[in-house]
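Structure data follow from work-v8.cif (mmCIF, N, CA and C atoms):
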data_upload
#
loop_
_atom_site.label_atom_id
_atom_site.label_comp_id
_atom_site.auth_asym_id
_atom_site.auth_seq_id
_atom_site.Cartn_x
_atom_site.Cartn_y
_atom_site.Cartn_z
N MET Q 1 -9.03 -7.99 -14.43
CA MET Q 1 -10.06 -7.21 -13.78
C MET Q 1 -9.55 -5.78 -13.62
N ASN Q 2 -9.55 -5.03 -14.70
CA ASN Q 2 -9.00 -3.69 -14.69
C ASN Q 2 -10.07 -2.65 -14.39
N GLN Q 3 -11.07 -3.02 -13.61
CA GLN Q 3 -12.14 -2.11 -13.24
C GLN Q 3 -11.69 -1.19 -12.13
N ILE Q 4 -12.24 0.03 -12.15
CA ILE Q 4 -11.98 0.98 -11.08
C ILE Q 4 -12.55 0.41 -9.78
N LEU Q 5 -11.86 0.64 -8.70
CA LEU Q 5 -12.32 0.19 -7.37
C LEU Q 5 -13.54 1.00 -6.96
N TYR Q 6 -14.70 0.47 -7.19
CA TYR Q 6 -16.00 1.06 -6.84
C TYR Q 6 -16.01 2.57 -6.86
N THR Q 7 -16.06 3.24 -5.73
CA THR Q 7 -16.21 4.69 -5.74
C THR Q 7 -14.89 5.44 -5.83
N CYS Q 8 -13.82 4.76 -6.18
CA CYS Q 8 -12.51 5.42 -6.33
C CYS Q 8 -12.32 5.82 -7.79
N GLU Q 9 -11.71 6.96 -7.97
CA GLU Q 9 -11.51 7.48 -9.31
C GLU Q 9 -10.20 7.02 -9.95
N HIS Q 10 -9.18 6.75 -9.15
CA HIS Q 10 -7.84 6.55 -9.70
C HIS Q 10 -7.22 5.18 -9.51
N PHE Q 11 -7.88 4.26 -8.81
CA PHE Q 11 -7.27 2.96 -8.52
C PHE Q 11 -8.13 1.83 -9.07
N THR Q 12 -7.44 0.81 -9.60
CA THR Q 12 -8.15 -0.32 -10.20
C THR Q 12 -7.91 -1.59 -9.39
N TRP Q 13 -8.81 -2.54 -9.60
CA TRP Q 13 -8.62 -3.85 -8.97
C TRP Q 13 -7.31 -4.48 -9.44
N ARG Q 14 -6.97 -4.31 -10.70
CA ARG Q 14 -5.73 -4.91 -11.20
C ARG Q 14 -4.52 -4.40 -10.42
N GLU Q 15 -4.48 -3.11 -10.14
CA GLU Q 15 -3.37 -2.56 -9.34
C GLU Q 15 -3.30 -3.23 -7.97
N ALA Q 16 -4.45 -3.45 -7.36
CA ALA Q 16 -4.49 -4.02 -6.03
C ALA Q 16 -4.17 -5.51 -6.02
N LEU Q 17 -4.50 -6.20 -7.11
CA LEU Q 17 -4.43 -7.66 -7.12
C LEU Q 17 -3.29 -8.25 -7.93
N TRP Q 18 -2.60 -7.45 -8.72
CA TRP Q 18 -1.58 -7.98 -9.61
C TRP Q 18 -0.36 -8.47 -8.84
N LEU Q 19 0.02 -9.72 -9.10
CA LEU Q 19 1.19 -10.35 -8.48
C LEU Q 19 2.23 -10.51 -9.58
N SER Q 20 3.09 -9.52 -9.73
CA SER Q 20 3.98 -9.43 -10.89
C SER Q 20 4.94 -10.61 -11.03
N ARG Q 21 5.44 -11.12 -9.93
CA ARG Q 21 6.40 -12.24 -10.04
C ARG Q 21 5.74 -13.51 -10.56
N TRP Q 22 4.44 -13.64 -10.33
CA TRP Q 22 3.71 -14.82 -10.81
C TRP Q 22 2.95 -14.53 -12.09
N GLY Q 23 2.81 -13.26 -12.45
CA GLY Q 23 2.09 -12.89 -13.66
C GLY Q 23 0.60 -13.22 -13.61
N ILE Q 24 0.01 -13.13 -12.41
CA ILE Q 24 -1.42 -13.42 -12.25
C ILE Q 24 -2.04 -12.39 -11.31
N GLU Q 25 -3.38 -12.36 -11.30
CA GLU Q 25 -4.10 -11.56 -10.32
C GLU Q 25 -4.53 -12.46 -9.17
N ALA Q 26 -4.46 -11.93 -7.97
CA ALA Q 26 -4.94 -12.64 -6.78
C ALA Q 26 -6.47 -12.68 -6.82
N ASP Q 27 -7.02 -13.64 -6.12
CA ASP Q 27 -8.47 -13.77 -5.97
C ASP Q 27 -8.79 -13.53 -4.49
N PRO Q 28 -9.05 -12.27 -4.12
CA PRO Q 28 -9.20 -11.95 -2.70
C PRO Q 28 -10.50 -12.49 -2.11
N ASP Q 29 -10.44 -12.78 -0.81
CA ASP Q 29 -11.67 -13.16 -0.11
C ASP Q 29 -12.41 -11.88 0.26
N ALA Q 30 -13.57 -12.02 0.90
CA ALA Q 30 -14.42 -10.87 1.21
C ALA Q 30 -13.71 -9.87 2.13
N GLU Q 31 -12.99 -10.37 3.14
CA GLU Q 31 -12.27 -9.47 4.05
C GLU Q 31 -11.18 -8.70 3.32
N GLN Q 32 -10.42 -9.38 2.47
CA GLN Q 32 -9.37 -8.71 1.72
C GLN Q 32 -9.95 -7.65 0.78
N ARG Q 33 -11.08 -7.95 0.14
CA ARG Q 33 -11.75 -6.97 -0.73
C ARG Q 33 -12.14 -5.73 0.07
N TRP Q 34 -12.73 -5.94 1.25
CA TRP Q 34 -13.11 -4.82 2.09
C TRP Q 34 -11.88 -3.99 2.45
N ASN Q 35 -10.81 -4.64 2.88
CA ASN Q 35 -9.59 -3.93 3.26
C ASN Q 35 -9.02 -3.13 2.09
N ILE Q 36 -9.03 -3.72 0.90
CA ILE Q 36 -8.53 -3.03 -0.29
C ILE Q 36 -9.36 -1.79 -0.58
N MET Q 37 -10.69 -1.92 -0.52
CA MET Q 37 -11.55 -0.76 -0.79
C MET Q 37 -11.37 0.33 0.26
N ASP Q 38 -11.24 -0.06 1.52
CA ASP Q 38 -11.01 0.91 2.59
C ASP Q 38 -9.71 1.68 2.34
N LEU Q 39 -8.65 0.96 2.05
CA LEU Q 39 -7.37 1.61 1.80
C LEU Q 39 -7.42 2.45 0.52
N ALA Q 40 -8.11 1.98 -0.49
CA ALA Q 40 -8.20 2.74 -1.75
C ALA Q 40 -8.82 4.11 -1.52
N HIS Q 41 -9.83 4.19 -0.69
CA HIS Q 41 -10.44 5.50 -0.39
C HIS Q 41 -9.43 6.41 0.29
N ARG Q 42 -8.65 5.87 1.19
CA ARG Q 42 -7.61 6.68 1.85
C ARG Q 42 -6.53 7.08 0.85
N MET Q 43 -6.22 6.17 -0.08
CA MET Q 43 -5.20 6.47 -1.09
C MET Q 43 -5.66 7.58 -2.04
N GLU Q 44 -6.96 7.69 -2.27
CA GLU Q 44 -7.48 8.81 -3.07
C GLU Q 44 -7.16 10.13 -2.38
N ILE Q 45 -7.29 10.17 -1.06
CA ILE Q 45 -6.97 11.39 -0.31
C ILE Q 45 -5.47 11.65 -0.35
N VAL Q 46 -4.68 10.59 -0.23
CA VAL Q 46 -3.22 10.72 -0.33
C VAL Q 46 -2.86 11.36 -1.67
N ARG Q 47 -3.47 10.87 -2.72
CA ARG Q 47 -3.21 11.41 -4.06
C ARG Q 47 -3.57 12.90 -4.13
N GLU Q 48 -4.69 13.28 -3.50
CA GLU Q 48 -5.09 14.69 -3.47
C GLU Q 48 -4.08 15.54 -2.70
N ILE Q 49 -3.60 15.01 -1.58
CA ILE Q 49 -2.61 15.75 -0.79
C ILE Q 49 -1.33 15.96 -1.59
N LEU Q 50 -0.89 14.91 -2.27
CA LEU Q 50 0.35 15.02 -3.04
C LEU Q 50 0.18 15.83 -4.32
N ARG Q 51 -1.02 15.84 -4.85
CA ARG Q 51 -1.33 16.55 -6.09
C ARG Q 51 -0.52 16.04 -7.28
N VAL Q 52 -0.20 14.74 -7.25
CA VAL Q 52 0.48 14.09 -8.37
C VAL Q 52 -0.09 12.69 -8.54
N PRO Q 53 -0.02 12.15 -9.75
CA PRO Q 53 -0.41 10.74 -9.92
C PRO Q 53 0.55 9.84 -9.15
N ILE Q 54 0.07 8.67 -8.77
CA ILE Q 54 0.93 7.70 -8.10
C ILE Q 54 0.78 6.35 -8.78
N VAL Q 55 1.85 5.58 -8.76
CA VAL Q 55 1.86 4.24 -9.34
C VAL Q 55 1.97 3.23 -8.20
N ILE Q 56 1.01 2.33 -8.14
CA ILE Q 56 1.02 1.27 -7.12
C ILE Q 56 2.03 0.21 -7.56
N THR Q 57 2.93 -0.16 -6.65
CA THR Q 57 3.90 -1.21 -6.97
C THR Q 57 3.59 -2.52 -6.27
N SER Q 58 2.82 -2.47 -5.16
CA SER Q 58 2.47 -3.69 -4.44
C SER Q 58 1.29 -3.39 -3.52
N TRP Q 59 0.31 -4.30 -3.51
CA TRP Q 59 -0.85 -4.12 -2.62
C TRP Q 59 -1.10 -5.44 -1.92
N LEU Q 60 -2.01 -6.25 -2.41
CA LEU Q 60 -2.30 -7.53 -1.77
C LEU Q 60 -1.19 -8.54 -2.07
N ARG Q 61 -0.73 -9.24 -1.04
CA ARG Q 61 0.29 -10.29 -1.18
C ARG Q 61 -0.20 -11.55 -0.47
N PRO Q 62 -1.04 -12.32 -1.12
CA PRO Q 62 -1.70 -13.44 -0.45
C PRO Q 62 -0.90 -14.73 -0.45
N PHE Q 63 -1.44 -15.67 0.33
CA PHE Q 63 -1.01 -17.06 0.23
C PHE Q 63 -1.98 -17.72 -0.72
N ILE Q 64 -1.48 -18.38 -1.75
CA ILE Q 64 -2.31 -19.10 -2.70
C ILE Q 64 -1.87 -20.56 -2.64
N PRO Q 65 -2.76 -21.46 -2.20
CA PRO Q 65 -2.36 -22.85 -1.98
C PRO Q 65 -1.61 -23.49 -3.15
N SER Q 66 -2.01 -23.22 -4.37
CA SER Q 66 -1.36 -23.84 -5.53
C SER Q 66 -0.02 -23.20 -5.88
N ARG Q 67 0.25 -22.01 -5.32
CA ARG Q 67 1.47 -21.28 -5.65
C ARG Q 67 2.40 -21.08 -4.47
N GLY Q 68 1.82 -20.77 -3.30
CA GLY Q 68 2.63 -20.50 -2.12
C GLY Q 68 2.34 -19.13 -1.53
N ASP Q 69 3.30 -18.63 -0.78
CA ASP Q 69 3.17 -17.38 -0.05
C ASP Q 69 3.86 -16.27 -0.82
N TYR Q 70 3.06 -15.43 -1.47
CA TYR Q 70 3.62 -14.36 -2.30
C TYR Q 70 4.41 -13.36 -1.46
N ASN Q 71 3.90 -13.02 -0.29
CA ASN Q 71 4.59 -12.08 0.58
C ASN Q 71 5.98 -12.57 0.94
N LYS Q 72 6.08 -13.85 1.27
CA LYS Q 72 7.39 -14.43 1.62
C LYS Q 72 8.30 -14.45 0.40
N LEU Q 73 7.73 -14.77 -0.76
CA LEU Q 73 8.51 -14.82 -2.00
C LEU Q 73 9.23 -13.50 -2.27
N ILE Q 74 8.55 -12.40 -2.01
CA ILE Q 74 9.18 -11.11 -2.32
C ILE Q 74 9.88 -10.47 -1.12
N GLY Q 75 10.00 -11.25 -0.02
CA GLY Q 75 10.77 -10.77 1.13
C GLY Q 75 10.01 -9.85 2.06
N GLY Q 76 8.67 -9.94 2.07
CA GLY Q 76 7.87 -9.11 2.97
C GLY Q 76 7.96 -9.57 4.41
N ALA Q 77 7.60 -8.68 5.32
CA ALA Q 77 7.60 -9.00 6.75
C ALA Q 77 6.58 -10.08 7.05
N ALA Q 78 6.88 -10.91 8.04
CA ALA Q 78 6.00 -12.04 8.38
C ALA Q 78 4.57 -11.61 8.70
N LEU Q 79 4.41 -10.49 9.37
CA LEU Q 79 3.07 -10.01 9.73
C LEU Q 79 2.64 -8.82 8.88
N SER Q 80 3.11 -8.77 7.65
CA SER Q 80 2.85 -7.64 6.76
C SER Q 80 1.36 -7.38 6.56
N ALA Q 81 0.99 -6.11 6.58
CA ALA Q 81 -0.38 -5.70 6.29
C ALA Q 81 -0.74 -5.99 4.84
N HIS Q 82 0.24 -6.19 3.98
CA HIS Q 82 -0.02 -6.55 2.58
C HIS Q 82 -0.75 -7.89 2.49
N ARG Q 83 -0.51 -8.79 3.43
CA ARG Q 83 -1.13 -10.12 3.39
C ARG Q 83 -2.64 -10.07 3.36
N VAL Q 84 -3.20 -9.03 3.97
CA VAL Q 84 -4.66 -8.93 4.07
C VAL Q 84 -5.22 -7.73 3.32
N GLY Q 85 -4.40 -7.09 2.49
CA GLY Q 85 -4.87 -5.97 1.68
C GLY Q 85 -4.92 -4.64 2.40
N LYS Q 86 -4.27 -4.55 3.56
CA LYS Q 86 -4.28 -3.31 4.33
C LYS Q 86 -3.05 -2.45 4.11
N ALA Q 87 -2.26 -2.75 3.08
CA ALA Q 87 -1.06 -1.96 2.79
C ALA Q 87 -0.88 -1.83 1.29
N ALA Q 88 -0.30 -0.71 0.91
CA ALA Q 88 0.07 -0.48 -0.49
C ALA Q 88 1.42 0.22 -0.53
N ASP Q 89 2.22 -0.17 -1.49
CA ASP Q 89 3.47 0.52 -1.79
C ASP Q 89 3.25 1.28 -3.08
N PHE Q 90 3.80 2.48 -3.15
CA PHE Q 90 3.60 3.28 -4.35
C PHE Q 90 4.77 4.22 -4.60
N ILE Q 91 4.79 4.73 -5.83
CA ILE Q 91 5.78 5.71 -6.26
C ILE Q 91 5.00 6.93 -6.75
N PRO Q 92 5.29 8.11 -6.22
CA PRO Q 92 4.64 9.32 -6.73
C PRO Q 92 5.34 9.76 -8.03
N ILE Q 93 4.55 10.21 -8.97
CA ILE Q 93 5.10 10.69 -10.23
C ILE Q 93 5.40 12.19 -10.08
N THR Q 94 6.53 12.63 -10.57
CA THR Q 94 7.00 14.02 -10.58
C THR Q 94 7.40 14.56 -9.21
N MET Q 95 7.62 13.70 -8.24
CA MET Q 95 8.17 14.13 -6.96
C MET Q 95 8.92 12.94 -6.37
N THR Q 96 9.92 13.20 -5.56
CA THR Q 96 10.64 12.09 -4.96
C THR Q 96 9.80 11.48 -3.84
N CYS Q 97 10.13 10.26 -3.49
CA CYS Q 97 9.45 9.60 -2.38
C CYS Q 97 9.72 10.32 -1.07
N ASP Q 98 10.93 10.85 -0.91
CA ASP Q 98 11.26 11.61 0.30
C ASP Q 98 10.38 12.85 0.41
N GLU Q 99 10.21 13.58 -0.69
CA GLU Q 99 9.35 14.77 -0.68
C GLU Q 99 7.91 14.38 -0.37
N ALA Q 100 7.45 13.30 -0.97
CA ALA Q 100 6.07 12.85 -0.76
C ALA Q 100 5.84 12.47 0.70
N LEU Q 101 6.76 11.75 1.29
CA LEU Q 101 6.60 11.33 2.69
C LEU Q 101 6.58 12.55 3.62
N LEU Q 102 7.43 13.52 3.35
CA LEU Q 102 7.42 14.75 4.16
C LEU Q 102 6.08 15.46 4.04
N ARG Q 103 5.51 15.49 2.85
CA ARG Q 103 4.23 16.16 2.64
C ARG Q 103 3.10 15.38 3.32
N LEU Q 104 3.18 14.05 3.32
CA LEU Q 104 2.12 13.22 3.90
C LEU Q 104 2.15 13.14 5.42
N ALA Q 105 3.33 13.26 6.01
CA ALA Q 105 3.50 13.02 7.45
C ALA Q 105 2.47 13.73 8.33
N PRO Q 106 2.15 15.00 8.10
CA PRO Q 106 1.18 15.66 8.98
C PRO Q 106 -0.25 15.13 8.86
N TYR Q 107 -0.54 14.37 7.83
CA TYR Q 107 -1.89 13.87 7.58
C TYR Q 107 -2.10 12.41 7.99
N LEU Q 108 -1.04 11.71 8.33
CA LEU Q 108 -1.13 10.28 8.59
C LEU Q 108 -2.12 9.95 9.71
N GLU Q 109 -2.08 10.68 10.79
CA GLU Q 109 -2.97 10.37 11.91
C GLU Q 109 -4.44 10.56 11.51
N ALA Q 110 -4.76 11.67 10.88
CA ALA Q 110 -6.14 11.93 10.48
C ALA Q 110 -6.65 10.88 9.49
N LEU Q 111 -5.76 10.36 8.68
CA LEU Q 111 -6.14 9.34 7.69
C LEU Q 111 -6.11 7.93 8.26
N GLY Q 112 -5.62 7.78 9.48
CA GLY Q 112 -5.50 6.44 10.07
C GLY Q 112 -4.50 5.58 9.34
N LEU Q 113 -3.41 6.21 8.90
CA LEU Q 113 -2.37 5.51 8.15
C LEU Q 113 -1.05 5.52 8.89
N ARG Q 114 -0.27 4.49 8.63
CA ARG Q 114 1.14 4.44 9.06
C ARG Q 114 1.99 4.43 7.80
N ALA Q 115 3.19 4.96 7.91
CA ALA Q 115 4.15 4.94 6.81
C ALA Q 115 5.42 4.27 7.30
N GLU Q 116 6.00 3.47 6.45
CA GLU Q 116 7.25 2.78 6.80
C GLU Q 116 8.44 3.66 6.46
N ASP Q 117 9.34 3.80 7.41
CA ASP Q 117 10.63 4.43 7.13
C ASP Q 117 11.58 3.28 6.81
N ASN Q 118 11.71 3.00 5.53
CA ASN Q 118 12.49 1.83 5.12
C ASN Q 118 13.99 2.07 5.08
N GLY Q 119 14.43 3.17 5.71
CA GLY Q 119 15.86 3.40 5.83
C GLY Q 119 16.52 3.90 4.56
N GLU Q 120 15.73 4.26 3.60
CA GLU Q 120 16.28 4.71 2.32
C GLU Q 120 16.27 6.24 2.23
N SER Q 121 16.33 6.91 3.38
CA SER Q 121 16.27 8.36 3.39
C SER Q 121 17.24 8.95 2.38
N LYS Q 122 16.82 10.04 1.82
CA LYS Q 122 17.59 10.70 0.75
C LYS Q 122 17.70 9.79 -0.46
N GLY Q 123 16.60 9.17 -0.82
CA GLY Q 123 16.60 8.35 -2.02
C GLY Q 123 15.78 7.08 -1.89
N ARG Q 124 14.75 7.08 -1.03
CA ARG Q 124 13.93 5.87 -0.90
C ARG Q 124 13.26 5.61 -2.24
N ALA Q 125 13.02 4.35 -2.53
CA ALA Q 125 12.52 3.94 -3.84
C ALA Q 125 11.00 3.86 -3.92
N TRP Q 126 10.33 3.78 -2.77
CA TRP Q 126 8.87 3.70 -2.75
C TRP Q 126 8.38 4.16 -1.39
N ILE Q 127 7.06 4.33 -1.28
CA ILE Q 127 6.42 4.64 -0.01
C ILE Q 127 5.47 3.51 0.33
N HIS Q 128 5.55 3.05 1.56
CA HIS Q 128 4.63 2.03 2.08
C HIS Q 128 3.67 2.73 3.03
N LEU Q 129 2.36 2.55 2.79
CA LEU Q 129 1.33 3.02 3.72
C LEU Q 129 0.46 1.84 4.11
N ASP Q 130 0.03 1.81 5.38
CA ASP Q 130 -0.89 0.75 5.80
C ASP Q 130 -1.87 1.28 6.83
N THR Q 131 -2.90 0.48 7.08
CA THR Q 131 -3.96 0.86 8.01
C THR Q 131 -3.86 0.13 9.35
N TYR Q 132 -2.73 -0.53 9.61
CA TYR Q 132 -2.55 -1.15 10.91
C TYR Q 132 -2.52 -0.07 11.99
N PRO Q 133 -2.99 -0.38 13.19
CA PRO Q 133 -2.95 0.62 14.26
C PRO Q 133 -1.52 0.88 14.73
N VAL Q 134 -1.33 2.07 15.23
CA VAL Q 134 -0.03 2.42 15.82
C VAL Q 134 0.07 1.72 17.17
N GLN Q 135 1.18 1.07 17.41
CA GLN Q 135 1.41 0.37 18.67
C GLN Q 135 1.59 1.39 19.80
N PRO Q 136 1.21 1.02 21.03
CA PRO Q 136 1.42 1.95 22.17
C PRO Q 136 2.88 2.42 22.20
N GLY Q 137 3.04 3.71 22.27
CA GLY Q 137 4.37 4.29 22.29
C GLY Q 137 5.01 4.37 20.92
N GLY Q 138 4.29 3.93 19.88
CA GLY Q 138 4.83 3.94 18.52
C GLY Q 138 4.55 5.23 17.78
N ASN Q 139 5.00 5.28 16.56
CA ASN Q 139 4.84 6.47 15.72
C ASN Q 139 4.11 6.10 14.44
N ARG Q 140 3.54 7.11 13.80
CA ARG Q 140 2.89 6.92 12.50
C ARG Q 140 3.92 6.51 11.44
N ILE Q 141 5.14 6.99 11.59
CA ILE Q 141 6.23 6.58 10.70
C ILE Q 141 7.06 5.59 11.50
N PHE Q 142 7.08 4.34 11.01
CA PHE Q 142 7.67 3.26 11.81
C PHE Q 142 8.84 2.62 11.08
N GLN Q 143 9.67 1.95 11.86
CA GLN Q 143 10.78 1.17 11.31
C GLN Q 143 10.29 -0.25 11.08
N PRO Q 144 10.63 -0.86 9.94
CA PRO Q 144 10.17 -2.23 9.68
C PRO Q 144 10.81 -3.24 10.63
#

Translate this structure into structure tokens?
Amino acid sequence: MNQILYTCEHFTWREALWLSRWGIEADPDAEQRWNIMDLAHRMEIVREILRVPIVITSWLRPFIPSRGDYNKLIGGAALSAHRVGKAADFIPITMTCDEALLRLAPYLEALGLRAEDNGESKGRAWIHLDTYPVQPGGNRIFQP
């Protein structure tokens, strides 16, 4: 299903649904589809802010009864927003992840996004963004 995500110009269903370790696409339920489309619209704005193409490395990480828990398989957090399609990991092309996160930080609140500080400062390998709310006393950039 390599179709563009409805009104999004740069993201496809395949990017959102591809489970690389299993070599299959997930079959999202209605809520997961809604969450993916909501995040995709925000990711279009992220792409505009960065002014570079981005490559999605992980989006939906579902539980599939015949296969198991994809999120657990790849070492995701127990309550990961990826489980319900509310998170995406990506790599910006032609800029480092550190540069991209610095550029995005001032826009996170307006976009209703959180970013994970995965402790890879000065060389992080990807950027995680999600639409989970900020916890009381928390920050838009959070520790996993």

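The residues returned by the PyMOL selection byres ((chain Q and resi 116) around 7) on the shown structure are Arg114, Ala115, Asp117, Asn118, Gly119, Ile127, His128, Leu129, Asp130, Arg140, Ile141, Phe142, Gln143 and Pro144 of chain Q.
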
Selection: 8 Å around range 52-63 of chain Q, only N, CA and C atoms, excl. self and same-chain fewer than 4 positions, as a ChimeraX atom specification
/Q:15-20,26-28,32,36,46-48,67-72,81-95

Expected file: the selected residues, N, CA and C atoms, as a tab-separated table (two decimals), keeping the file's coordinate frame:
chain	number	residue	atom	x	y	z
Q	15	GLU	N	-4.48	-3.11	-10.14
Q	15	GLU	CA	-3.37	-2.56	-9.34
Q	15	GLU	C	-3.30	-3.23	-7.97
Q	16	ALA	N	-4.45	-3.45	-7.36
Q	16	ALA	CA	-4.49	-4.02	-6.03
Q	16	ALA	C	-4.17	-5.51	-6.02
Q	17	LEU	N	-4.50	-6.20	-7.11
Q	17	LEU	CA	-4.43	-7.66	-7.12
Q	17	LEU	C	-3.29	-8.25	-7.93
Q	18	TRP	N	-2.60	-7.45	-8.72
Q	18	TRP	CA	-1.58	-7.98	-9.61
Q	18	TRP	C	-0.36	-8.47	-8.84
Q	19	LEU	N	0.02	-9.72	-9.10
Q	19	LEU	CA	1.19	-10.35	-8.48
Q	19	LEU	C	2.23	-10.51	-9.58
Q	20	SER	N	3.09	-9.52	-9.73
Q	20	SER	CA	3.98	-9.43	-10.89
Q	20	SER	C	4.94	-10.61	-11.03
Q	26	ALA	N	-4.46	-11.93	-7.97
Q	26	ALA	CA	-4.94	-12.64	-6.78
Q	26	ALA	C	-6.47	-12.68	-6.82
Q	27	ASP	N	-7.02	-13.64	-6.12
Q	27	ASP	CA	-8.47	-13.77	-5.97
Q	27	ASP	C	-8.79	-13.53	-4.49
Q	28	PRO	N	-9.05	-12.27	-4.12
Q	28	PRO	CA	-9.20	-11.95	-2.70
Q	28	PRO	C	-10.50	-12.49	-2.11
Q	32	GLN	N	-10.42	-9.38	2.47
Q	32	GLN	CA	-9.37	-8.71	1.72
Q	32	GLN	C	-9.95	-7.65	0.78
Q	36	ILE	N	-9.03	-3.72	0.90
Q	36	ILE	CA	-8.53	-3.03	-0.29
Q	36	ILE	C	-9.36	-1.79	-0.58
Q	46	VAL	N	-4.68	10.59	-0.23
Q	46	VAL	CA	-3.22	10.72	-0.33
Q	46	VAL	C	-2.86	11.36	-1.67
Q	47	ARG	N	-3.47	10.87	-2.72
Q	47	ARG	CA	-3.21	11.41	-4.06
Q	47	ARG	C	-3.57	12.90	-4.13
Q	48	GLU	N	-4.69	13.28	-3.50
Q	48	GLU	CA	-5.09	14.69	-3.47
Q	48	GLU	C	-4.08	15.54	-2.70
Q	67	ARG	N	0.25	-22.01	-5.32
Q	67	ARG	CA	1.47	-21.28	-5.65
Q	67	ARG	C	2.40	-21.08	-4.47
Q	68	GLY	N	1.82	-20.77	-3.30
Q	68	GLY	CA	2.63	-20.50	-2.12
Q	68	GLY	C	2.34	-19.13	-1.53
Q	69	ASP	N	3.30	-18.63	-0.78
Q	69	ASP	CA	3.17	-17.38	-0.05
Q	69	ASP	C	3.86	-16.27	-0.82
Q	70	TYR	N	3.06	-15.43	-1.47
Q	70	TYR	CA	3.62	-14.36	-2.30
Q	70	TYR	C	4.41	-13.36	-1.46
Q	71	ASN	N	3.90	-13.02	-0.29
Q	71	ASN	CA	4.59	-12.08	0.58
Q	71	ASN	C	5.98	-12.57	0.94
Q	72	LYS	N	6.08	-13.85	1.27
Q	72	LYS	CA	7.39	-14.43	1.62
Q	72	LYS	C	8.30	-14.45	0.40
Q	81	ALA	N	0.99	-6.11	6.58
Q	81	ALA	CA	-0.38	-5.70	6.29
Q	81	ALA	C	-0.74	-5.99	4.84
Q	82	HIS	N	0.24	-6.19	3.98
Q	82	HIS	CA	-0.02	-6.55	2.58
Q	82	HIS	C	-0.75	-7.89	2.49
Q	83	ARG	N	-0.51	-8.79	3.43
Q	83	ARG	CA	-1.13	-10.12	3.39
Q	83	ARG	C	-2.64	-10.07	3.36
Q	84	VAL	N	-3.20	-9.03	3.97
Q	84	VAL	CA	-4.66	-8.93	4.07
Q	84	VAL	C	-5.22	-7.73	3.32
Q	85	GLY	N	-4.40	-7.09	2.49
Q	85	GLY	CA	-4.87	-5.97	1.68
Q	85	GLY	C	-4.92	-4.64	2.40
Q	86	LYS	N	-4.27	-4.55	3.56
Q	86	LYS	CA	-4.28	-3.31	4.33
Q	86	LYS	C	-3.05	-2.45	4.11
Q	87	ALA	N	-2.26	-2.75	3.08
Q	87	ALA	CA	-1.06	-1.96	2.79
Q	87	ALA	C	-0.88	-1.83	1.29
Q	88	ALA	N	-0.30	-0.71	0.91
Q	88	ALA	CA	0.07	-0.48	-0.49
Q	88	ALA	C	1.42	0.22	-0.53
Q	89	ASP	N	2.22	-0.17	-1.49
Q	89	ASP	CA	3.47	0.52	-1.79
Q	89	ASP	C	3.25	1.28	-3.08
Q	90	PHE	N	3.80	2.48	-3.15
Q	90	PHE	CA	3.60	3.28	-4.35
Q	90	PHE	C	4.77	4.22	-4.60
Q	91	ILE	N	4.79	4.73	-5.83
Q	91	ILE	CA	5.78	5.71	-6.26
Q	91	ILE	C	5.00	6.93	-6.75
Q	92	PRO	N	5.29	8.11	-6.22
Q	92	PRO	CA	4.64	9.32	-6.73
Q	92	PRO	C	5.34	9.76	-8.03
Q	93	ILE	N	4.55	10.21	-8.97
Q	93	ILE	CA	5.10	10.69	-10.23
Q	93	ILE	C	5.40	12.19	-10.08
Q	94	THR	N	6.53	12.63	-10.57
Q	94	THR	CA	7.00	14.02	-10.58
Q	94	THR	C	7.40	14.56	-9.21
Q	95	MET	N	7.62	13.70	-8.24
Q	95	MET	CA	8.17	14.13	-6.96
Q	95	MET	C	8.92	12.94	-6.37

Using the chain letters and residue numbers of this document, give as a VMD selection string the residues selected by the PyMOL selection byres (((chain Q and resi 110 and name CA) around 12) and name CA).
chain Q and resid 42 45 to 46 104 to 109 111 to 114 131 140

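Between atom N of Thr12 in chain Q and CA of Asp38 in chain Q lies a distance of 12.7 Å.
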
Considering only strand (DSSP E) as DSSP defines it on the backbone, what residues of range 24-96 of chain Q qualify? List them as a ChimeraX atom specification.
/Q:24-25,54-58,63-64,68-69,87-92

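Coordinates place atom N of Asn35 in chain Q at a distance of 16.0 Å from atom C of Pro133 in chain Q.
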
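Between CA of Ser80 in chain Q and CA of Phe11 in chain Q lies a distance of 21.2 Å.
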
Among the residues Q:Gly23, Q:Leu50, Q:His41, Q:Ala30, the one that comes closest to His10 in chain Q [using only C-alpha atoms]:
Q:His41

When DSSP works through the backbone of this structure, what residues of range 49-129 of chain Q end up as helix (DSSP H, G or I), shown as a VMD selection string?
chain Q and resid 49 to 50 70 to 73 81 to 84 97 to 111

Any chance you could export range 92-107 of chain Q with C-alpha atoms, as a PDB file, in the first residue's frame?
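Result saved to part_23.pdb:
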ATOM      1  CA  PRO Q  92      16.640  14.043   8.047  1.00  0.00           C
ATOM      2  CA  ILE Q  93      18.556  13.993   4.777  1.00  0.00           C
ATOM      3  CA  THR Q  94      21.474  16.467   4.414  1.00  0.00           C
ATOM      4  CA  MET Q  95      21.486  17.536   8.067  1.00  0.00           C
ATOM      5  CA  THR Q  96      22.408  15.784  11.289  1.00  0.00           C
ATOM      6  CA  CYS Q  97      19.734  14.674  13.715  1.00  0.00           C
ATOM      7  CA  ASP Q  98      21.237  16.998  16.330  1.00  0.00           C
ATOM      8  CA  GLU Q  99      20.897  19.982  13.972  1.00  0.00           C
ATOM      9  CA  ALA Q 100      17.341  18.975  13.089  1.00  0.00           C
ATOM     10  CA  LEU Q 101      16.278  18.647  16.725  1.00  0.00           C
ATOM     11  CA  LEU Q 102      17.733  22.069  17.545  1.00  0.00           C
ATOM     12  CA  ARG Q 103      15.807  23.574  14.633  1.00  0.00           C
ATOM     13  CA  LEU Q 104      12.560  21.820  15.632  1.00  0.00           C
ATOM     14  CA  ALA Q 105      12.674  22.533  19.384  1.00  0.00           C
ATOM     15  CA  PRO Q 106      11.047  25.996  19.223  1.00  0.00           C
ATOM     16  CA  TYR Q 107       8.105  24.603  17.218  1.00  0.00           C
TER      17      TYR Q 107
END
